[in-house]
Amino acid sequence: MKIALLGYGKMGKSIETIALNRNHTISLKVSSATTAFDFSNTDVAIDFSLPTTAVANIKRALDAGVPVISGTTGWLDQYQDILDSCKEKNGAFLYASNFSLGVNIFFEINKRLSELMSDFPEYTTSIEEIHHTQKLDAPSGTAITLAEQIIENTKYNNWTLDQAQPKEILIDVKRIENVPGTHEITYNSEIDAISIKHTAHNRQGFALGAVIAAEWIKDKKGVFSMKDVLNIG
């Protein structure tokens, strides 16, 4: 399979290594300096670019009839625009805030725990997320997904990075050198606390998941998620 890398930073390079090890070829490498986009020899595009360039990169690929896997966060205010473009072009698109198998299992655990905790208002909920200092957006897309799952099933109606009001989930964001990604959800009461936590040891799980998603979406049409790829949930 021929893969275009929309974004050639650390994640792009990790994806390249795994793709080559799985006998794929790289047809295009797009960086912030790229001006020519030739998708004529591409089966699937994987987008790990910047929030400021992701939408344009994704649309270029969809316009060329190329399915897109996107893991870039910080641009989701334009998500519907991308879905409309995908539908108009009869294309294929998959966005995930995190491609790791472990994180996607963690999402399902978080969803179930939030359902259980919905009947116990004496617990307050908070999220801690830790990433490397090069991560540009805060909170992480994974933390937002976790918060949205909790909001869907509990009394909470919003999340915040500041002082939390009674119906807001506090997301505590930390940036520490060389931390691939840690997310912890805590339900705290006066008598005890319940926590679930996912810790990434390196970037390989994210990169492998993105390549597996690219292999899965080839020749498909529509909008998908990692639940479709992994057949979970």
# chains A, B, ... in the order shown; residues from 1 in each chain; ligands from 1

$ residues_around --residues "segment 205-218 of chain A" --least-positions-apart "3" --cutoff "7 Å" --atoms "only C-alpha atoms" --output "PyMOL selection string"
chain A and resi 11+14-15+18-19+43-44+67+69+98-101+229

$ select_by_dssp --residues "segment 147-228 of chain A" --states "alpha helix (DSSP H)" --output "ChimeraX atom specification"
/A:147-153,204-217,226-228

$ select_by_dssp --residues "segment 88-195 of chain A" --states "strand (DSSP E)" --output "PyMOL selection string"
chain A and resi 92-95+124-131+158-160+168-175+181-188+193-195

$ write_last_selection --atoms "C-alpha atoms" --output "PDB file, in the first residue's frame"
ATOM      1  CA  ALA A  92     -13.416   7.976   3.323  1.00  0.00           C
ATOM      2  CA  PHE A  93     -12.304   9.642   6.543  1.00  0.00           C
ATOM      3  CA  LEU A  94     -11.375   8.484  10.015  1.00  0.00           C
ATOM      4  CA  TYR A  95     -10.451  10.770  12.890  1.00  0.00           C
ATOM      5  CA  THR A 124     -16.382  14.747  42.042  1.00  0.00           C
ATOM      6  CA  THR A 125     -14.594  13.964  38.814  1.00  0.00           C
ATOM      7  CA  SER A 126     -11.287  15.289  37.496  1.00  0.00           C
ATOM      8  CA  ILE A 127      -8.861  14.411  34.698  1.00  0.00           C
ATOM      9  CA  GLU A 128      -5.092  14.751  34.659  1.00  0.00           C
ATOM     10  CA  GLU A 129      -3.224  14.646  31.361  1.00  0.00           C
ATOM     11  CA  ILE A 130       0.551  14.780  30.951  1.00  0.00           C
ATOM     12  CA  HIS A 131       2.415  15.125  27.657  1.00  0.00           C
ATOM     13  CA  ASN A 158     -18.710  20.994  30.527  1.00  0.00           C
ATOM     14  CA  TRP A 159     -14.980  20.686  31.118  1.00  0.00           C
ATOM     15  CA  THR A 160     -12.538  23.427  32.072  1.00  0.00           C
ATOM     16  CA  GLU A 168     -17.621  21.176  35.257  1.00  0.00           C
ATOM     17  CA  ILE A 169     -14.831  18.603  34.985  1.00  0.00           C
ATOM     18  CA  LEU A 170     -11.403  20.000  35.773  1.00  0.00           C
ATOM     19  CA  ILE A 171      -8.722  18.887  33.303  1.00  0.00           C
ATOM     20  CA  ASP A 172      -5.297  19.375  34.876  1.00  0.00           C
ATOM     21  CA  VAL A 173      -2.780  19.776  32.049  1.00  0.00           C
ATOM     22  CA  LYS A 174       0.933  19.175  32.599  1.00  0.00           C
ATOM     23  CA  ARG A 175       3.788  19.387  30.106  1.00  0.00           C
ATOM     24  CA  GLY A 181       1.108  10.582  27.141  1.00  0.00           C
ATOM     25  CA  THR A 182      -0.556   9.851  30.480  1.00  0.00           C
ATOM     26  CA  HIS A 183      -4.269  10.202  31.281  1.00  0.00           C
ATOM     27  CA  GLU A 184      -5.893   9.597  34.665  1.00  0.00           C
ATOM     28  CA  ILE A 185      -9.555   9.976  35.654  1.00  0.00           C
ATOM     29  CA  THR A 186     -10.338  10.275  39.356  1.00  0.00           C
ATOM     30  CA  TYR A 187     -13.678  10.126  41.178  1.00  0.00           C
ATOM     31  CA  ASN A 188     -13.090  11.583  44.639  1.00  0.00           C
ATOM     32  CA  ALA A 193     -11.334   7.777  45.596  1.00  0.00           C
ATOM     33  CA  ILE A 194     -11.546   5.687  42.436  1.00  0.00           C
ATOM     34  CA  SER A 195      -9.010   6.183  39.637  1.00  0.00           C
TER      35      SER A 195
END

$ residues_around --residues "Ala64 of chain A" --least-positions-apart "3" --cutoff "7 Å" --atoms "only C-alpha atoms" --output "ChimeraX atom specification"
/A:39,60-61

$ write_last_selection --atoms "N, CA, C and O atoms" --output "PDB file, in the first residue's frame"
ATOM      1  N   PHE A  39      -1.008  13.417  -5.213  1.00  0.00           N
ATOM      2  CA  PHE A  39      -1.585  12.208  -4.635  1.00  0.00           C
ATOM      3  C   PHE A  39      -1.845  11.131  -5.682  1.00  0.00           C
ATOM      4  O   PHE A  39      -2.551  10.154  -5.403  1.00  0.00           O
ATOM      5  N   ARG A  60      -7.305  18.470   0.660  1.00  0.00           N
ATOM      6  CA  ARG A  60      -6.543  18.183  -0.566  1.00  0.00           C
ATOM      7  C   ARG A  60      -6.585  16.685  -0.874  1.00  0.00           C
ATOM      8  O   ARG A  60      -6.765  16.283  -2.027  1.00  0.00           O
ATOM      9  N   ALA A  61      -6.412  15.862   0.156  1.00  0.00           N
ATOM     10  CA  ALA A  61      -6.432  14.420  -0.060  1.00  0.00           C
ATOM     11  C   ALA A  61      -7.822  13.945  -0.472  1.00  0.00           C
ATOM     12  O   ALA A  61      -7.971  13.154  -1.411  1.00  0.00           O
TER      13      ALA A  61
END

$ atom_distance --atom1 "atom CA of Val55 of chain A" --atom2 "atom CA of Arg203 of chain A"
23.2 Å

$ residues_around --residues "Asn57 of chain A" --least-positions-apart "3" --cutoff "12 Å" --atoms "only C-alpha atoms" --output "ChimeraX atom specification"
/A:4-7,29-32,34-39,45-54,60-64,66-70,72,75,82

$ atom_distance --atom1 "atom CA of Leu146 of chain A" --atom2 "atom CA of Glu16 of chain A"
28.2 Å
